[in-house]
Amino acid sequence: MDAASYVLSVAPAFMAYYLTSLGQGFFEKSGVLNLSIDGVFVLGIAVAYAASIYSCSPWVGLAAAVLTAVIFGILLTYVTTKFPVSHGAVGLSIMFLGYGLAGLVGVAARNTYNEMVVSGIYPQFTLPVTPIAKVLMFAIPAGLGILLYLLEVRTKLGAAVRAVGEDPHAATSLGIDVLRVRLIAAALGYSLIGAGSAGFLTWVATWSEGTGINHGWIAYAVSLAAGRHPLLTVGTAGAFAILATYMYTLQAAYNLSPEIAKMIPFIVAIGAMVTFMSTPLRKKLAPPQSLGKRFFKEERTV
Amino acid sequence: MTLLKTYNKDFSSKNKPPVVSVIGISKKFPGSIALDSVDFTILEGEIHALLGENGAGKSTLVKILYGIYVPDRGEIYIRGRKARINSPKEAIRQGIVMVSQVPQLIDKLTVAENLILGLEKYGFITRVGKVRYFIREKSREVGIEVDPDTEVWKLSYTQKQLVELLRALLLNAKVLLLDEAITFLPLIEKKKFYKFIRDFASKGGSVLLITHKIYEALEVADRITVLRLGRVVGTVPRSKVSPDDVRKMMFAERSSQVTYERLPISTPRESAALEISDLWVMGDHGDHAVRGVSLTLRAGEVMGIAGIAGNGQKELIQAIVGLRRVEKGRIRLYSEDITNRSVSKVRIRGVGYIPDQPAKYGLSLENSIEENLAMLPSLTNRLINWGSIRDLARKLIKEFNIMTPSPKTPVKFLSGGNIMKVLVSRELLVARRLLVAYNPTRALDEVTAIMVRKFIKEKASTEGIGVLVASEDLDEILQISDRIAVMNSGRVVGVFSSSEVVRDEIEKLMVM
Amino acid sequence: MRLVLVKRVKPLPLGGLVIPGASIVIGILISTVVLYVISRADPLVTLSCVASALVSPEIVLTFLFLTILGVALLVAFNGSIWNIGAEGQLWLGTAAATYIALFTTLPQAPVVAKVAMVLTAMALGGAWAAVAGVLRAYLSIDEVPVTLIMNYIAYYIINYLVRGPWLGKKTWGYIRTDMIPDQVKFTLLPGSTTVTYEVLVIAVLALIAVYFMLKYTSLGLRIRILGSNPDALKAAGVNVKALIITALTLSGAIAGAMGAAQLAGYLHRISYPIESHTANYGYTAILVAWLSMLDIRAVPVAAYIVSALYQAGISMQIAGISSASATYVFIGAVLLTFTVLRVFSEYSLRIIRG
C-alpha cells in the first residue's frame, strides 16, 4: 500500500467517529447530558442496515438512521427539559432500548435478507470504496464540522444553545424558549449521530447482533477529549480512527497490544477532562455549567 | 369589561390610560398562599412602586407578569385586552421586561450575545456581529458605556444591571419591572438609575418598582401599591402619604415591632476576638477579591461590614471560616493563627457561621432539625447519639420558640422565619467565641429579621463573643453594629464607630 | 386550559409502592407490544415468560448479585454521586481475586485466601472508584463520564492480562486464565450450582453494614445530606471532598467484593474478552438502585423484579429472540417509564383553566 491509501483507509472510521462525536458535542452544549449515545449509535447501525436491505439503497439506510436517531434525541430532550428528571437515567434507559431494538430490527432484516437469497433475489448496493469516495468521507464531515463551528460561535442560534447550556433559567428570562432551542440542538446533533452510525456500516460492511456496541462510547470519548469543540474534535476523531483502523498493524509493528490501543481513547478522554478543568483552557473547553442539571424551579407548565 | 371599567374609575389619575391591569390574581404554592385576589393597575408613563416586606408576594406577582409563573386564578389585561403570558418571551412580545435583583445574564457570553437572544426580529441564523453597531448606538443614547464584545463575567454588579436596562430599551420595553434591582445600591448610585427611570417614564414608558424599602418607594414612585401577606392593602399616590402611613399599611398591627433604630451598644472586652492583617483572597474569576484588609474585632463587639455586592465582603467572610484560600496575610482567632485552616478546624474552635441565603447554604431543607444539628462536626462524633441530639433539638425548639410539629419533621415544611430560627439557634449554640454572618436576614420578613438581629446582639453582649456581620443592606448594618467598616473594591475604605456614623458618608465610600 | 407541574407538599402517599409497581407493569406491556410489532413475538408467550421468571429458582444468583450491587450503588447515589462504574469495579474485584488465587501462595491456607481474595477485591474496586472521587472532589469533573469510561479501561486492562501474562496453561485453545484452585472456590448451597454460602454471608453483611452506616453514623448522615445540599455541609465544616471520595470508595469496594464472589462462586476463571462474557450486572444494578428510590429496604424487592426480567429475557429465546435484545428492551422500557412516573411522587399535575 502506498501512503495515500494508508491515509484513505482511515476514512470510514473517521467519518463514523467524527460525525457522531460532533453531534454529541453540539447537543451536549445545550445542557442535556447524553448517555443514550451508545444505544442510539448501535440502533442507528441496525436501522441503516435494515432499511438498506428493504429498500436496496444505502441512502435510504442513511435517512432511516438519521430519522431514528432524531426521534430518540427529541424524546430525551423533551423529557429532560419539561420534567424534573435525571438526565442520566433517561439517557441510560434509551441506551438499553437502543441495544434491544437494534437486535430486534437487525435480526428481522437479516432473516428477510436470507429469505430473499433463498428465493434467488440478491439485494445489492455498492458501498463507497473508491478513493474519491474516501476523500469525500474526510471532506464532507470536516466541512460539516466547520459549518457547525461557525454556527456555534457566530450566530444567534449558537449563542442560544450555549446560553441554555450555561444557565437555562437566565436564558428563559432573556427571552429564549429553552425547549425549542434544545430541540433544535437535538435535531442537529442527533442527525449527525444517526449519520455517523450509518457511516459505521461503510467501515465494518456487515451486521450481526452487537455490531457497534462500545463504539458509541468511543465517540463520546472523542467528544470529551476535544472539550466538545467542533474543530478540535477533528483531531481526536482522526487520532482514534487511526488507532482503531490500524490496531493490528500497530501490534505487529510496535508490539502495541490491541487491548492497550482500545484503551487509549478512553484514557485520553479522562486526561483531557483533567487538563481542561485544571488549566486556563477551562474558560473555553470546560463542560457547560448546567450540563445534566434539572431545569426546574417551583413549577412548570407542561 | 364592566368590571375593568369600574376598577379603572377608582384610579383614573390625571387621565393616564392603564397599560397593565391585574384583576383577581391568586396563586398558591405548596403549603402557602402567595397571592390572594390581587387587583392593581399600572398606568402609562407612571412609576409605580409595589411595596411590601419579604414574603408579602411581590416577587410572585412580578414573576406572573413576566410569564415565569402561571396564576391559579385571575386575569391580566394589557391596554384593555386580555393577555395570557406563558413565558418571558411572550411578556417581552407584549412590551414587558423584567430586571431582577440578581442579574439574569449568561456570564460566559458576551454582552452582544446576551442581548441578541431576546430580539425576535433577528432569526436564529443571524450573525451576532450584526447587532454590535445597534447596541453601541443605543448604549451611547442612554449614556451607558459598555463594549458589546466583553464577556459578562468581567462586568461589575452595577454594570450588569445597566446592561439589563439597556436590554429593556433594545427590546422596546413599554413596561419595566424592577424586582429589587437597585434596592441594595447606595443612594448616589441609585440616583443614576432614578434618572434613567424618570426619563423612561416621561417618554411614555411605565415602571413597576418592586421594593421592600419604604424610602425607596417614596423617593421615586408616583403611586404606591402596598402588599401584605399576599393581599393588596391599598394603592396611594405618593404626594398624599407620609412614611408612617405606608409603614402602617405594610406591617399593620405589627408596625410597632418594626424598628430601624440602632440596637443598644454592647461593651467590648479587652481581648481581640479576631485579628485580620493584610489579607489577600482570590475571587471566582482569578483576580484578587480581597486586597489587603486589616481589621481587629474585640470580644463582645459587633462589627458590620458595609458595601455593594461584589466588593469582596463574601470572599472575606469565606476566608475567615476557611471556605476560601488566603493568598497572603494572617487571620488570628483570640491570637491563635487560623489562616488557611479547614472549616471544621475553625468551626470546632467555637466559630458560628451564618452564610448568605441561609436556607440555601446554611441548612439542608430535606432533612430534619435533628439531622441539621447532627451534621455539624462540632456536635457529633463518628457514631451519632440520636438521643442526645434529640434533647438538644428540643432545647433549641423551646428556647427559640421554633414552630415545628416535631424535631423529626423535614425543615422544608417549616415557615421561612422558623427555618431561620433553626439555623440561628444552631449557630449561636456553637459560636462560643466568634460569629460570622453574611446577609443574615436576606429574604426574611421584617419582624423576623429584627428578632434575628436582636438574638445576635444579645449573644455578643451577654457572652462576650465577637460578631462580624457583612450585609448589602445598609439599614441592617446601621441597626446591629457597634462599629462599621466599609468595603470597596476589596479594601476597607473607612471604619466608624456607631456613635459617630453618618449614613451619607458611608454611602459615598461604598461607591467611591 | 394549561397543565402545570407543581411540587407536592408531601410525597405521594404510598408512592414508593405505587410508582415502581405501575412502572414495571407499564414497562412490561410496552416491551410486549414492541416485541410483537418488530419481532412478531406472541404477546402471550412474552407475558408467560415474565410470569414464570418470577417464580423461577434460576433467579436467585442474579437476585443476590443485583441486591448487593444495588446496595453498593445506593451508598453513592444517596449522596447524589452517580456511580455508573459498578461494572468496572466489579470486574477489577474479580481480577484482584484471580491474582490472589492463581499467583500467590495464599491458597495453601484456604480460609486466609478466601478472605484475602475478598479484601483485595474490595481494595481494588474501591481504589478504582476513588479515582473518579478524587477527580470530582478536586477538579469538579462530573463522575458520570469518568466512572463510565473507566469501565472500559477496566475491561481492557483485564483483557490484556488474560491474553498476556495471565493466559492459562491448560485452556484447550481458549483465551482464558487457569481455573482457580478448588480449595478457594466458595461452598455451594445444597441443590444449587451457582449460589454459595460465602455469597450469602457477604450479602447479609453488606446489607446490614450499609443500613447501619446510613442511619447511625455521621458519615451516613453526611452522605445523605451531600445529596440534597453540599453547600450546607461545607459551611458546617464537613470536608466535602473527603466525603465524596469516601462515598465512591465504599461504593466501589462493595462492588469489588462481588467481583471476588463471582469468581470464587461460579466463574472460577476469567475468559477473554470480558465484554462478551459479562452478565452486565454492574449496569443492571443501576436500574435496581434507581427503582428502590434510594431506600435500602426496597433494594431487595427491586432486585427481585429486575432479576425476573433478566430471566424472562433468557426464556424469550423460545420465541426466537435473542436473550440480550429482549432483556435490554424490558430494562429500557421499565427504566424509562419509572424515571418519568417518578416525577409524580414529588410533583402533581394541576389543571389551570382560562
# chains A, B, ... in the order shown; residues from 1 in each chain; ligands from 1
>>> interface_residues(of="chain A", to="chain C", cutoff="9 Å", atoms="only C-alpha atoms", output="NGL selection string")
:A and (35 or 79 or 83-86 or 88-105 or 107-108 or 209 or 214 or 217-218 or 220-221 or 224 or 257-260 or 262-264 or 266-267 or 269-270 or 273-274 or 277-278 or 287 or 298-302)
>>> write_last_selection(atoms="N, CA and C atoms", output="short mmCIF file (atom, residue, chain, number, x, y, z; two decimals), in the first residue's frame")
data_model
loop_
_atom_site.label_atom_id
_atom_site.label_comp_id
_atom_site.auth_asym_id
_atom_site.auth_seq_id
_atom_site.Cartn_x
_atom_site.Cartn_y
_atom_site.Cartn_z
N LEU A 35 -26.33 10.23 27.73
CA LEU A 35 -25.78 8.89 27.94
C LEU A 35 -26.47 7.89 27.02
N VAL A 79 -38.26 15.06 27.48
CA VAL A 79 -38.46 14.57 28.85
C VAL A 79 -37.55 15.29 29.84
N PHE A 83 -39.58 17.92 32.40
CA PHE A 83 -39.81 17.32 33.72
C PHE A 83 -38.54 17.36 34.56
N PRO A 84 -38.72 17.43 35.87
CA PRO A 84 -37.54 17.38 36.73
C PRO A 84 -37.04 15.95 36.89
N VAL A 85 -36.39 15.44 35.86
CA VAL A 85 -35.92 14.06 35.91
C VAL A 85 -34.41 14.03 35.73
N SER A 86 -33.83 12.89 36.08
CA SER A 86 -32.40 12.72 35.94
C SER A 86 -32.04 12.48 34.47
N GLY A 88 -29.27 11.42 33.34
CA GLY A 88 -28.55 10.16 33.24
C GLY A 88 -29.49 8.98 33.12
N ALA A 89 -30.55 8.98 33.95
CA ALA A 89 -31.46 7.84 33.94
C ALA A 89 -32.21 7.74 32.61
N VAL A 90 -32.66 8.87 32.08
CA VAL A 90 -33.37 8.84 30.81
C VAL A 90 -32.41 8.39 29.70
N GLY A 91 -31.20 8.93 29.73
CA GLY A 91 -30.22 8.56 28.72
C GLY A 91 -29.91 7.07 28.75
N LEU A 92 -29.68 6.54 29.96
CA LEU A 92 -29.36 5.11 30.06
C LEU A 92 -30.56 4.25 29.64
N SER A 93 -31.79 4.69 29.96
CA SER A 93 -32.96 3.91 29.52
C SER A 93 -32.97 3.82 28.00
N ILE A 94 -32.70 4.97 27.36
CA ILE A 94 -32.72 4.97 25.90
C ILE A 94 -31.57 4.12 25.37
N MET A 95 -30.45 4.14 26.08
CA MET A 95 -29.34 3.27 25.67
C MET A 95 -29.79 1.81 25.67
N PHE A 96 -30.41 1.37 26.77
CA PHE A 96 -30.87 -0.02 26.84
C PHE A 96 -31.87 -0.31 25.72
N LEU A 97 -32.84 0.61 25.55
CA LEU A 97 -33.84 0.42 24.49
C LEU A 97 -33.16 0.32 23.13
N GLY A 98 -32.17 1.16 22.93
CA GLY A 98 -31.45 1.16 21.65
C GLY A 98 -30.79 -0.19 21.40
N TYR A 99 -30.09 -0.70 22.42
CA TYR A 99 -29.45 -2.02 22.27
C TYR A 99 -30.50 -3.06 21.90
N GLY A 100 -31.61 -3.07 22.65
CA GLY A 100 -32.64 -4.08 22.45
C GLY A 100 -33.28 -3.97 21.07
N LEU A 101 -33.71 -2.76 20.73
CA LEU A 101 -34.38 -2.57 19.44
C LEU A 101 -33.42 -2.90 18.30
N ALA A 102 -32.14 -2.56 18.45
CA ALA A 102 -31.17 -2.85 17.40
C ALA A 102 -31.17 -4.34 17.10
N GLY A 103 -31.15 -5.15 18.17
CA GLY A 103 -31.15 -6.60 17.97
C GLY A 103 -32.41 -7.05 17.23
N LEU A 104 -33.56 -6.54 17.66
CA LEU A 104 -34.82 -6.97 17.04
C LEU A 104 -34.87 -6.56 15.58
N VAL A 105 -34.58 -5.29 15.31
CA VAL A 105 -34.67 -4.77 13.94
C VAL A 105 -33.66 -5.46 13.02
N VAL A 107 -32.05 -8.37 13.37
CA VAL A 107 -32.28 -9.80 13.13
C VAL A 107 -33.43 -9.99 12.14
N ALA A 108 -34.49 -9.19 12.30
CA ALA A 108 -35.62 -9.29 11.37
C ALA A 108 -35.14 -9.02 9.95
N GLU A 209 -25.59 -9.27 15.55
CA GLU A 209 -26.09 -8.70 16.79
C GLU A 209 -24.93 -8.17 17.62
N ASN A 214 -20.16 -0.24 22.11
CA ASN A 214 -18.95 0.42 22.63
C ASN A 214 -18.38 1.49 21.70
N TRP A 217 -19.53 4.81 22.69
CA TRP A 217 -18.77 5.36 23.82
C TRP A 217 -17.44 5.91 23.36
N ILE A 218 -16.85 5.27 22.33
CA ILE A 218 -15.59 5.84 21.81
C ILE A 218 -15.86 7.23 21.26
N TYR A 220 -18.14 9.21 22.23
CA TYR A 220 -18.33 10.04 23.43
C TYR A 220 -16.96 10.50 23.94
N ALA A 221 -16.03 9.54 24.00
CA ALA A 221 -14.68 9.87 24.45
C ALA A 221 -14.01 10.86 23.49
N LEU A 224 -15.44 14.25 24.38
CA LEU A 224 -14.92 14.75 25.65
C LEU A 224 -13.46 15.17 25.53
N SER A 257 -0.13 -3.72 22.14
CA SER A 257 -1.26 -4.64 22.30
C SER A 257 -2.57 -3.98 21.85
N PRO A 258 -3.42 -4.71 21.12
CA PRO A 258 -4.71 -4.13 20.71
C PRO A 258 -5.53 -3.69 21.92
N GLU A 259 -5.35 -4.39 23.03
CA GLU A 259 -6.10 -4.02 24.24
C GLU A 259 -5.70 -2.62 24.69
N ILE A 260 -4.39 -2.36 24.62
CA ILE A 260 -3.91 -1.02 25.00
C ILE A 260 -4.42 -0.01 23.99
N LYS A 262 -7.11 -0.07 22.32
CA LYS A 262 -8.53 0.20 22.57
C LYS A 262 -8.71 1.10 23.79
N MET A 263 -7.77 0.99 24.72
CA MET A 263 -7.87 1.73 25.97
C MET A 263 -7.54 3.20 25.77
N ILE A 264 -6.64 3.47 24.81
CA ILE A 264 -6.09 4.82 24.68
C ILE A 264 -7.17 5.92 24.56
N PHE A 266 -10.06 6.16 25.73
CA PHE A 266 -10.73 6.41 27.00
C PHE A 266 -9.80 7.10 27.99
N ILE A 267 -8.53 6.68 27.98
CA ILE A 267 -7.57 7.33 28.88
C ILE A 267 -7.35 8.77 28.45
N ALA A 269 -9.46 10.64 26.95
CA ALA A 269 -10.65 11.43 27.29
C ALA A 269 -10.58 11.90 28.74
N ILE A 270 -10.21 10.99 29.66
CA ILE A 270 -10.12 11.39 31.06
C ILE A 270 -8.99 12.40 31.25
N MET A 273 -10.18 15.75 30.13
CA MET A 273 -11.08 16.38 31.09
C MET A 273 -10.29 16.98 32.25
N VAL A 274 -9.27 16.24 32.71
CA VAL A 274 -8.43 16.74 33.80
C VAL A 274 -7.72 18.01 33.35
N MET A 277 -10.01 21.05 33.10
CA MET A 277 -10.53 21.59 34.35
C MET A 277 -9.43 22.18 35.23
N SER A 278 -8.16 21.83 34.96
CA SER A 278 -7.13 22.30 35.88
C SER A 278 -6.21 23.35 35.25
N PRO A 287 -17.01 21.84 30.48
CA PRO A 287 -18.37 21.49 30.10
C PRO A 287 -19.35 22.61 30.47
N GLU A 298 -39.91 26.19 40.88
CA GLU A 298 -41.04 25.77 41.70
C GLU A 298 -42.08 24.99 40.89
N GLU A 299 -42.25 25.37 39.64
CA GLU A 299 -43.30 24.73 38.87
C GLU A 299 -43.03 24.91 37.39
N ARG A 300 -43.78 24.21 36.56
CA ARG A 300 -43.53 24.26 35.14
C ARG A 300 -44.82 23.96 34.39
N THR A 301 -45.11 24.78 33.39
CA THR A 301 -46.25 24.47 32.53
C THR A 301 -45.85 23.30 31.63
N VAL A 302 -46.72 22.29 31.56
CA VAL A 302 -46.37 21.11 30.75
C VAL A 302 -46.94 21.26 29.35
#
>>> interface_residues(of="chain B", to="chain C", cutoff="6 Å", atoms="only C-alpha atoms", output="JSON, numbers by chain")
{"B": [30, 343, 344, 361, 362, 363, 364, 376, 382, 383, 384]}
>>> write_last_selection(atoms="C-alpha atoms", output="compact mmCIF listing (two decimals), in the first residue's frame")
# COMPACT_ATOMS: atom_id res chain seq x y z
CA PRO B 30 -47.50 24.15 48.24
CA VAL B 343 -13.64 24.88 58.03
CA SER B 344 -14.02 22.13 60.59
CA TYR B 361 -26.25 27.48 52.15
CA GLY B 362 -26.83 27.02 55.85
CA LEU B 363 -29.29 24.18 56.23
CA SER B 364 -30.39 21.12 54.37
CA LEU B 376 -22.09 19.73 62.46
CA ARG B 382 -18.49 9.24 64.25
CA LEU B 383 -21.42 7.42 65.75
CA ILE B 384 -24.42 9.62 66.20
>>> atom_distance(atom1="CA of Gly88 in chain C", atom2="CA of Val47 in chain A")
29.8 Å
>>> interface_residues(of="chain A", to="chain B", cutoff="9 Å", atoms="only C-alpha atoms", output="PyMOL selection string")
chain A and resi 151+153-160+162-164+166-167+169-177+283+298-301
>>> write_last_selection(atoms="N, CA and C atoms", output="PDB file, in the first residue's frame")
ATOM      1  N   LEU A 151     -21.639  28.134  13.132  1.00  0.00           N
ATOM      2  CA  LEU A 151     -22.985  28.263  13.690  1.00  0.00           C
ATOM      3  C   LEU A 151     -22.910  28.491  15.202  1.00  0.00           C
ATOM      4  N   VAL A 153     -20.329  29.630  17.162  1.00  0.00           N
ATOM      5  CA  VAL A 153     -19.687  30.816  17.735  1.00  0.00           C
ATOM      6  C   VAL A 153     -20.165  32.130  17.132  1.00  0.00           C
ATOM      7  N   ARG A 154     -20.776  32.074  15.946  1.00  0.00           N
ATOM      8  CA  ARG A 154     -21.095  33.332  15.289  1.00  0.00           C
ATOM      9  C   ARG A 154     -22.564  33.706  15.314  1.00  0.00           C
ATOM     10  N   THR A 155     -23.451  32.721  15.390  1.00  0.00           N
ATOM     11  CA  THR A 155     -24.857  33.064  15.164  1.00  0.00           C
ATOM     12  C   THR A 155     -25.644  33.158  16.464  1.00  0.00           C
ATOM     13  N   LYS A 156     -26.819  33.687  16.316  1.00  0.00           N
ATOM     14  CA  LYS A 156     -27.723  33.779  17.449  1.00  0.00           C
ATOM     15  C   LYS A 156     -28.084  32.383  17.951  1.00  0.00           C
ATOM     16  N   LEU A 157     -28.285  31.443  17.031  1.00  0.00           N
ATOM     17  CA  LEU A 157     -28.619  30.085  17.459  1.00  0.00           C
ATOM     18  C   LEU A 157     -27.494  29.516  18.327  1.00  0.00           C
ATOM     19  N   GLY A 158     -26.250  29.739  17.878  1.00  0.00           N
ATOM     20  CA  GLY A 158     -25.113  29.255  18.653  1.00  0.00           C
ATOM     21  C   GLY A 158     -25.106  29.868  20.043  1.00  0.00           C
ATOM     22  N   ALA A 159     -25.321  31.181  20.110  1.00  0.00           N
ATOM     23  CA  ALA A 159     -25.357  31.855  21.416  1.00  0.00           C
ATOM     24  C   ALA A 159     -26.485  31.285  22.256  1.00  0.00           C
ATOM     25  N   ALA A 160     -27.625  30.996  21.617  1.00  0.00           N
ATOM     26  CA  ALA A 160     -28.780  30.470  22.356  1.00  0.00           C
ATOM     27  C   ALA A 160     -28.474  29.075  22.902  1.00  0.00           C
ATOM     28  N   ARG A 162     -25.540  27.833  23.637  1.00  0.00           N
ATOM     29  CA  ARG A 162     -24.601  27.959  24.751  1.00  0.00           C
ATOM     30  C   ARG A 162     -25.308  28.542  25.975  1.00  0.00           C
ATOM     31  N   ALA A 163     -26.221  29.476  25.736  1.00  0.00           N
ATOM     32  CA  ALA A 163     -26.930  30.106  26.855  1.00  0.00           C
ATOM     33  C   ALA A 163     -27.764  29.080  27.622  1.00  0.00           C
ATOM     34  N   VAL A 164     -28.512  28.234  26.910  1.00  0.00           N
ATOM     35  CA  VAL A 164     -29.342  27.269  27.637  1.00  0.00           C
ATOM     36  C   VAL A 164     -28.488  26.186  28.287  1.00  0.00           C
ATOM     37  N   GLU A 166     -25.498  26.904  29.669  1.00  0.00           N
ATOM     38  CA  GLU A 166     -24.868  27.533  30.829  1.00  0.00           C
ATOM     39  C   GLU A 166     -25.881  27.757  31.949  1.00  0.00           C
ATOM     40  N   ASP A 167     -26.973  28.421  31.632  1.00  0.00           N
ATOM     41  CA  ASP A 167     -27.948  28.783  32.655  1.00  0.00           C
ATOM     42  C   ASP A 167     -29.339  28.907  32.027  1.00  0.00           C
ATOM     43  N   HIS A 169     -32.247  29.059  33.267  1.00  0.00           N
ATOM     44  CA  HIS A 169     -33.182  29.988  33.909  1.00  0.00           C
ATOM     45  C   HIS A 169     -32.936  31.412  33.429  1.00  0.00           C
ATOM     46  N   ALA A 170     -31.675  31.809  33.420  1.00  0.00           N
ATOM     47  CA  ALA A 170     -31.352  33.142  32.924  1.00  0.00           C
ATOM     48  C   ALA A 170     -31.713  33.252  31.442  1.00  0.00           C
ATOM     49  N   ALA A 171     -31.479  32.185  30.689  1.00  0.00           N
ATOM     50  CA  ALA A 171     -31.800  32.222  29.259  1.00  0.00           C
ATOM     51  C   ALA A 171     -33.292  32.447  29.049  1.00  0.00           C
ATOM     52  N   THR A 172     -34.114  31.800  29.871  1.00  0.00           N
ATOM     53  CA  THR A 172     -35.563  31.997  29.780  1.00  0.00           C
ATOM     54  C   THR A 172     -35.898  33.460  30.009  1.00  0.00           C
ATOM     55  N   SER A 173     -35.289  34.004  31.049  1.00  0.00           N
ATOM     56  CA  SER A 173     -35.557  35.376  31.396  1.00  0.00           C
ATOM     57  C   SER A 173     -35.112  36.333  30.287  1.00  0.00           C
ATOM     58  N   LEU A 174     -34.079  35.935  29.546  1.00  0.00           N
ATOM     59  CA  LEU A 174     -33.615  36.772  28.432  1.00  0.00           C
ATOM     60  C   LEU A 174     -34.525  36.665  27.215  1.00  0.00           C
ATOM     61  N   GLY A 175     -35.515  35.774  27.288  1.00  0.00           N
ATOM     62  CA  GLY A 175     -36.471  35.685  26.191  1.00  0.00           C
ATOM     63  C   GLY A 175     -36.276  34.482  25.286  1.00  0.00           C
ATOM     64  N   ILE A 176     -35.570  33.468  25.790  1.00  0.00           N
ATOM     65  CA  ILE A 176     -35.317  32.268  24.995  1.00  0.00           C
ATOM     66  C   ILE A 176     -36.297  31.175  25.415  1.00  0.00           C
ATOM     67  N   ASP A 177     -36.799  30.441  24.428  1.00  0.00           N
ATOM     68  CA  ASP A 177     -37.609  29.275  24.723  1.00  0.00           C
ATOM     69  C   ASP A 177     -36.652  28.081  24.820  1.00  0.00           C
ATOM     70  N   LYS A 283     -11.661  27.970  30.581  1.00  0.00           N
ATOM     71  CA  LYS A 283     -12.559  29.025  30.083  1.00  0.00           C
ATOM     72  C   LYS A 283     -13.226  28.621  28.778  1.00  0.00           C
ATOM     73  N   GLU A 298     -39.910  26.187  40.875  1.00  0.00           N
ATOM     74  CA  GLU A 298     -41.045  25.766  41.700  1.00  0.00           C
ATOM     75  C   GLU A 298     -42.082  24.993  40.894  1.00  0.00           C
ATOM     76  N   GLU A 299     -42.252  25.368  39.638  1.00  0.00           N
ATOM     77  CA  GLU A 299     -43.304  24.732  38.866  1.00  0.00           C
ATOM     78  C   GLU A 299     -43.028  24.908  37.390  1.00  0.00           C
ATOM     79  N   ARG A 300     -43.779  24.209  36.563  1.00  0.00           N
ATOM     80  CA  ARG A 300     -43.529  24.263  35.139  1.00  0.00           C
ATOM     81  C   ARG A 300     -44.820  23.959  34.392  1.00  0.00           C
ATOM     82  N   THR A 301     -45.109  24.775  33.393  1.00  0.00           N
ATOM     83  CA  THR A 301     -46.250  24.468  32.528  1.00  0.00           C
ATOM     84  C   THR A 301     -45.853  23.298  31.626  1.00  0.00           C
TER      85      THR A 301
END
>>> select_by_dssp(residues="range 314-464 of chain B", states="alpha helix (DSSP H)", output="VMD selection string")
chain B and resid 314 to 321 343 to 348 358 to 361 369 to 374 386 to 399 416 to 430 446 to 463
>>> residues_around(residues="range 48-51 of chain A", least_positions_apart="5", cutoff="12 Å", atoms="only C-alpha atoms", output="MDAnalysis selection string")
(chainID A and resid 40:43 56:69 101:113 123 125 127 194:202 204:209 211:212) or (chainID C and resid 38)
>>> atom_distance(atom1="CA of Pro43 in chain C", atom2="CA of Pro57 in chain C")
23.4 Å
>>> atom_distance(atom1="CA of Ala437 in chain B", atom2="CA of Ile305 in chain B")
10.0 Å
>>> residues_around(residues="Met487 in chain B", least_positions_apart="6", cutoff="10 Å", atoms="only C-alpha atoms", output="mmCIF file with N, CA and C atoms, in the first residue's frame")
data_model
loop_
_atom_site.group_PDB
_atom_site.id
_atom_site.type_symbol
_atom_site.label_atom_id
_atom_site.label_comp_id
_atom_site.auth_asym_id
_atom_site.auth_seq_id
_atom_site.Cartn_x
_atom_site.Cartn_y
_atom_site.Cartn_z
ATOM 1 N N VAL B 290 -10.253 40.261 47.718
ATOM 2 C CA VAL B 290 -9.904 40.966 48.956
ATOM 3 C C VAL B 290 -8.459 41.415 48.807
ATOM 4 N N VAL B 293 -6.870 43.557 53.449
ATOM 5 C CA VAL B 293 -7.773 44.003 54.503
ATOM 6 C C VAL B 293 -7.148 43.759 55.874
ATOM 7 N N ILE B 305 -19.915 45.069 58.245
ATOM 8 C CA ILE B 305 -19.157 45.401 57.043
ATOM 9 C C ILE B 305 -20.141 45.835 55.969
ATOM 10 N N ALA B 306 -20.053 47.099 55.579
ATOM 11 C CA ALA B 306 -20.974 47.625 54.579
ATOM 12 C C ALA B 306 -20.300 47.600 53.214
ATOM 13 N N GLY B 307 -21.107 47.488 52.167
ATOM 14 C CA GLY B 307 -20.548 47.519 50.815
ATOM 15 C C GLY B 307 -21.562 47.035 49.808
ATOM 16 N N ILE B 308 -21.354 47.436 48.548
ATOM 17 C CA ILE B 308 -22.222 46.949 47.470
ATOM 18 C C ILE B 308 -21.820 45.510 47.154
ATOM 19 N N ALA B 309 -22.779 44.724 46.719
ATOM 20 C CA ALA B 309 -22.492 43.329 46.368
ATOM 21 C C ALA B 309 -21.269 43.258 45.458
ATOM 22 N N GLY B 310 -20.409 42.283 45.740
ATOM 23 C CA GLY B 310 -19.277 42.067 44.840
ATOM 24 C C GLY B 310 -18.072 42.934 45.124
ATOM 25 N N ASN B 311 -17.933 43.450 46.339
ATOM 26 C CA ASN B 311 -16.746 44.232 46.657
ATOM 27 C C ASN B 311 -15.805 43.504 47.606
ATOM 28 N N GLY B 312 -15.965 42.199 47.690
ATOM 29 C CA GLY B 312 -15.015 41.399 48.453
ATOM 30 C C GLY B 312 -15.517 40.944 49.817
ATOM 31 N N GLN B 313 -16.743 41.385 50.197
ATOM 32 C CA GLN B 313 -17.239 41.009 51.524
ATOM 33 C C GLN B 313 -17.425 39.491 51.625
ATOM 34 N N ALA B 470 -21.420 40.958 57.676
ATOM 35 C CA ALA B 470 -21.363 41.694 56.418
ATOM 36 C C ALA B 470 -22.762 41.684 55.838
ATOM 37 N N VAL B 493 -12.281 50.873 53.302
ATOM 38 C CA VAL B 493 -12.034 52.279 52.995
ATOM 39 C C VAL B 493 -12.468 53.215 54.120
ATOM 40 N N GLY B 494 -12.910 52.647 55.228
ATOM 41 C CA GLY B 494 -13.264 53.507 56.345
ATOM 42 C C GLY B 494 -13.838 52.676 57.473
ATOM 43 N N VAL B 495 -13.527 53.086 58.713
ATOM 44 C CA VAL B 495 -14.095 52.406 59.870
ATOM 45 C C VAL B 495 -14.709 53.471 60.771
ATOM 46 N N ILE B 506 -20.953 56.969 54.616
ATOM 47 C CA ILE B 506 -20.747 55.554 54.312
ATOM 48 C C ILE B 506 -21.121 55.275 52.863
ATOM 49 N N LEU B 509 -18.492 56.353 50.497
ATOM 50 C CA LEU B 509 -17.340 55.439 50.470
ATOM 51 C C LEU B 509 -17.658 54.149 49.713
ATOM 52 N N MET B 510 -18.925 53.735 49.761
ATOM 53 C CA MET B 510 -19.293 52.484 49.098
ATOM 54 C C MET B 510 -19.127 52.561 47.580
ATOM 55 N N VAL B 511 -19.314 53.789 47.020
ATOM 56 C CA VAL B 511 -19.277 53.895 45.557
ATOM 57 C C VAL B 511 -18.054 54.612 45.041
#
>>> residues_around(residues="range 398-415 of chain B", least_positions_apart="4", cutoff="9 Å", atoms="only C-alpha atoms", output="ChimeraX atom specification")
/B:31,363-372,390,393-394,419-422,425 /C:9-10
